[in-house]
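Chemist: I'd like to ask you about the structure that follows.
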Amino acid sequence: MKIAVCLKRVPDTDMRFAVAADGKSLDLSGLKFDMSDFDGYAVEVALRLNEQQGPGEVTVVGLGPDAVQETLRKALSMGADRGVHLAAAEVPFDGLAIAQALAAELAGQGYDLILFGRVATDTGNGMVGPMTAELLQLPCVTAISHLDIKDGRGTAHRELEGARETVSFPLPAVLTIDEGIARPRLPSLKGIMAAKKKPVESRPAALGPIRLTVDKLELPPERAGGRIVGEGPDAVPELVRLLREEAKVI
Amino acid sequence: MADTFAFVEARGGAIRKVAFEAITAARRVADASGGGEVHALAIGAPGLRAEMEQLGRFGADRVTVVEHAGLERYSPEVFAATAVAAIKAGGYRAAFFAASALGRDLTPRVAAGLGVGMASDVTAVDLSGDALLLKHPVYTGKAIATLRLVGSPAVVSLRPGAMAASEAPRAVRIETAVPALDPGAAHVVVTATEVSAAAKLDLGEAPVIVSGGRGLRAAENFKLVEDLADAFGNAAVGATRAVTDDGWRPSADQIGQTGRLVSPTLYVAVGISGAVQHLAGMRTSKVIVAINRDKDAPIFKLADYGIVGDLFEIVPRLTDAIRKIRAEG
Ligand SMILES: Cc1cc2nc3c(=O)[nH]c(=O)nc-3n(C[C@H](O)[C@H](O)[C@H](O)COP(=O)(O)OP(=O)(O)OC[C@H]3O[C@@H](n4cnc5c(N)ncnc54)[C@H](O)[C@@H]3O)c2cc1C
Ligand SMILES: Nc1ncnc2c1ncn2[C@@H]1O[C@H](COP(=O)(O)O)[C@@H](O)[C@H]1O
């Protein structure tokens with residue numbers, strides 16, 4: 001199958017964050033960057049599909065500054081075949097602006113599947129995948145935790161609040177990938193060497209108009225925390241008293 | 001003066017709480033922009049109409065009900081086409097949806113279908129001149145952004161439970177309409193919805209969450225966590241990734257960076273070490289209690305109240321104590 005996977009380069013969320021002097025962006029000093037969590041799962045899904053269903057091609061697409069090419073290389077070293085870098089000096093927060101650029105790149109290329117992460121770990125938007133599908137007028141299933149493809153149709157599972165949906169859809173289609181579906185492989189040394197020779201094209205991103213911007217960025221208030229009520233089951237009555245009288249939550 | 005729109009989410013023929021929250025937000029923006037009407041849209045199987053009177057209590061002026069025998073289950077294409085048509089026809093200032101599992105799927109399609117901007121998973125809404133100012137957690141909850149969304153209609157999905165529904169009674173007019181797309185013509189079809197037996201209350205809506213980690217040692221020991229949740233009466237059960245990876249709990253129960261982001265009034269962490277990826281999903285809880293035998297476990301740094309010790313001794317005692325309190329009223 002011909003599969004495209006859209007990858008976002010994001011700051012590693014294990015790091016300690018600080019707000020930059022402008023009050024609306026992250027202080028980037030000391031941050032590490034990697035592909036957004038769910039995008040790794042999407043790459044893994046694409047690779048496995050082609051391993052199981054016969055040869056195909058996996059194209060990874062990333063929009064942003066030149067550093068995005070590093071993220072594309074990581075996916076190539078996992079086993080993807082080629083990369084497309086849509087160059088933009090900055091990545092807007094506006095999901096529709098990004099979706100318009102991705103849709104322009106992906107339209108009419110004959111992809112059987114176009115995969116996205118369920119949500120990017122920086123924006124927390126969860127919108128670029130379904131918006132791109134809508135712009136391309138393609139069937140779309142979001143946040144899938146299981147996937148089967150057979151005879152040009154797919155079956156996916158989605159987790160709802162307290163329920164699971166089974167969804168049937170025709171190909172070509174857009175899917176957004178939730179965790180749990182396929183733990184991403186680590187690039188092998190051989191993969192890393194091979195990736196150096198794989199093609200990465202770069203062209204300007206055709207971003208749409210921007211309507212959503214960040215006005216202010218704040219860190220959540222620090223929690224006081226750290227109070228040990230006591231040890232063992234004998235501490236239970238005191239805990240319950242505190243929850244009732246001090247915290248007033250029961 | 002401007003009218004606003006709210007999408008009414010229902011499941012199994014009943015209105016979900018998040019729908020009242022969407023109407024409350026729509027009411028607030030309509031009032032703040034000089035007092036327009038709030039128009040709601042509900043889509044589902046026949047029988048839904050009977051539920052709609054309730055929406056007036058929260059400030060809906062008009063509800064359009066789209067009933068169809070083919071809409072027993074969610075149909076992304078039919079719901080999106082119908083919402084797009086309704087919002088286009090109404091000329092609204094803003095349209096509010098829930099950032100629930102259904103809403104996270106539906107809302108971006110609607111925004112793209114309308115070709116307008118959208119903000120998702122919003123925890124607070126303000127109107128400032130010709131822009132909406134919206135609070136939204138970013139970087140897996142490690143920072144909070146205030147977003148500026150311009151253009152009309154502004155499409156917004158609201159984090160369940162973040163903004164309480166409040167009453168603002170109106171006399172609601174109920175109208176009916178047909179789907180903008182024939183359900184039989186949809187490409188994407190939900191063929192089954194299995195309700196998981198364990199989940200009584202949704203993690204996103206429950207005021208109390210009791211969450212278990214690897215410290216429970218085996219799937220069957222989650223009975224302890226379930227019993228404690230039962231004792232509270234209004235609690236849902238969550239888990240760490242260590243637990244969902246081992247199949248002790250369904251993956252939908254996972255809380256954290258790659259799971260659900262929750263902020264209940266009370267979060268009880270049982271046998272959970274407190275890895276950053278887990279904390280990312282629950283650090284905005286109002287009060288956090290931790291039970292862990294390792295006094296140096298990182299969860300204790302975040303917890304408001306901690307007990308050091310063996311969960312197998314402490315949790316049953318806590319369950320009894322909570323039961324007693326609730327029995328006393
Ligand atoms: C990219 C990535 C994403 C991730 N996303 C998530 C996520 O979304 N959510 C998530 O939860 N994790 C996530 N993780 C995993 C995370 O790093 C931790 O591995 C996980 O949260 C640990 O789960 P745990 O606390 O149950 O287990 P452990 O870390 O093994 O902790 C078990 C705890 O139980 C205590 N204990 C043991 N026995 C007892 C007893 N008898 N009584 C009392 N206490 C006891 C121990 O002292 C210990 O602190 C992610 C990891 C990565 C790399
Ligand atoms: N700049 C980008 N380049 C490539 N893919 C992206 C970009 N931004 C978002 N995506 C894709 O869209 C998904 C959801 O992003 P978001 O809507 O920001 O949560 C991500 O997991 C990626 O798959």
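Residue numbering restarts at 1 in every chain; chains get A, B, ... in the order shown in the structure tokens, and ligands count up from 1 in that same order.
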Can you list every residue of chain B that has an atom at most 12 Å from ligand 2, with its nearest atom pair and the distance in Å to one decimal, using only C-alpha atoms and all ligand atoms, ordered by chain then number, as JSON lines?
Modeler:
{"residue": "B:Arg104", "atom": "CA", "partner": "ligand 2", "partner_atom_place_in_ligand_line": "17 (O)", "distance": 10.5}
{"residue": "B:Asp105", "atom": "CA", "partner": "ligand 2", "partner_atom_place_in_ligand_line": "17 (O)", "distance": 11.4}
{"residue": "B:Thr107", "atom": "CA", "partner": "ligand 2", "partner_atom_place_in_ligand_line": "17 (O)", "distance": 11.8}
{"residue": "B:Pro108", "atom": "CA", "partner": "ligand 2", "partner_atom_place_in_ligand_line": "17 (O)", "distance": 8.9}
{"residue": "B:Arg109", "atom": "CA", "partner": "ligand 2", "partner_atom_place_in_ligand_line": "17 (O)", "distance": 11.7}
{"residue": "B:Met118", "atom": "CA", "partner": "ligand 2", "partner_atom_place_in_ligand_line": "17 (O)", "distance": 10.4}
{"residue": "B:Ala119", "atom": "CA", "partner": "ligand 2", "partner_atom_place_in_ligand_line": "17 (O)", "distance": 10.0}
{"residue": "B:Ser120", "atom": "CA", "partner": "ligand 2", "partner_atom_place_in_ligand_line": "17 (O)", "distance": 9.1}
{"residue": "B:Asp121", "atom": "CA", "partner": "ligand 2", "partner_atom_place_in_ligand_line": "19 (O)", "distance": 10.6}
{"residue": "B:Pro137", "atom": "CA", "partner": "ligand 2", "partner_atom_place_in_ligand_line": "19 (O)", "distance": 11.8}
{"residue": "B:Val138", "atom": "CA", "partner": "ligand 2", "partner_atom_place_in_ligand_line": "19 (O)", "distance": 9.9}
{"residue": "B:Tyr139", "atom": "CA", "partner": "ligand 2", "partner_atom_place_in_ligand_line": "19 (O)", "distance": 10.5}
{"residue": "B:Thr140", "atom": "CA", "partner": "ligand 2", "partner_atom_place_in_ligand_line": "19 (O)", "distance": 10.9}
{"residue": "B:Thr258", "atom": "CA", "partner": "ligand 2", "partner_atom_place_in_ligand_line": "21 (O)", "distance": 11.7}
Chemist: Write the selection just made, keeping C-alpha atoms, as a PDB file, in the first residue's frame?
Modeler:
ATOM      1  CA  ARG B 104     -13.136  15.331  19.321  1.00  0.00           C
ATOM      2  CA  ASP B 105     -14.040  13.440  16.161  1.00  0.00           C
ATOM      3  CA  THR B 107     -15.724  19.244  15.793  1.00  0.00           C
ATOM      4  CA  PRO B 108     -12.599  19.491  13.571  1.00  0.00           C
ATOM      5  CA  ARG B 109     -14.607  18.131  10.637  1.00  0.00           C
ATOM      6  CA  MET B 118     -11.281  26.210  15.833  1.00  0.00           C
ATOM      7  CA  ALA B 119      -9.948  25.865  19.362  1.00  0.00           C
ATOM      8  CA  SER B 120     -10.151  22.491  21.067  1.00  0.00           C
ATOM      9  CA  ASP B 121     -10.291  21.128  24.598  1.00  0.00           C
ATOM     10  CA  PRO B 137      -3.848  23.117  28.251  1.00  0.00           C
ATOM     11  CA  VAL B 138      -0.760  22.552  26.078  1.00  0.00           C
ATOM     12  CA  TYR B 139       2.418  20.448  26.352  1.00  0.00           C
ATOM     13  CA  THR B 140       0.440  17.623  27.969  1.00  0.00           C
ATOM     14  CA  THR B 258      -0.486   9.253  26.159  1.00  0.00           C
TER      15      THR B 258
END
Chemist: Any residue with an atom at most 7 Å from ligand 1 counts, using only C-alpha atoms and all ligand atoms. Which are they? Put them as a VMD selection string.
Modeler: (chain A and resid 37) or (chain B and resid 212 to 216 239 to 243 254 to 259 270 to 278 281 291 to 294 297 309 to 312)
Chemist: Go through stretch 73-247 of chain A and collect every residue that DSSP, computed from the backbone, puts in alpha helix (DSSP H); the answer should be as a ChimeraX atom specification.
Modeler: /A:73-78,95-106,128-136,189-195,236-241
Chemist: Which residues come within 7 Å of A:Ile228, counting only C-alpha atoms, excluding same-chain residues fewer than 4 positions away, as a ChimeraX atom specification?
Modeler: /B:305-307
Chemist: Excluding same-chain residues fewer than 3 positions from B:Gly44, what lies within 7 Å of it counting only C-alpha atoms, as a list in words?
Modeler: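 Listed by chain and then number, they are Leu48, Val66, Glu67, His68, Leu71 and Glu72 of chain B.
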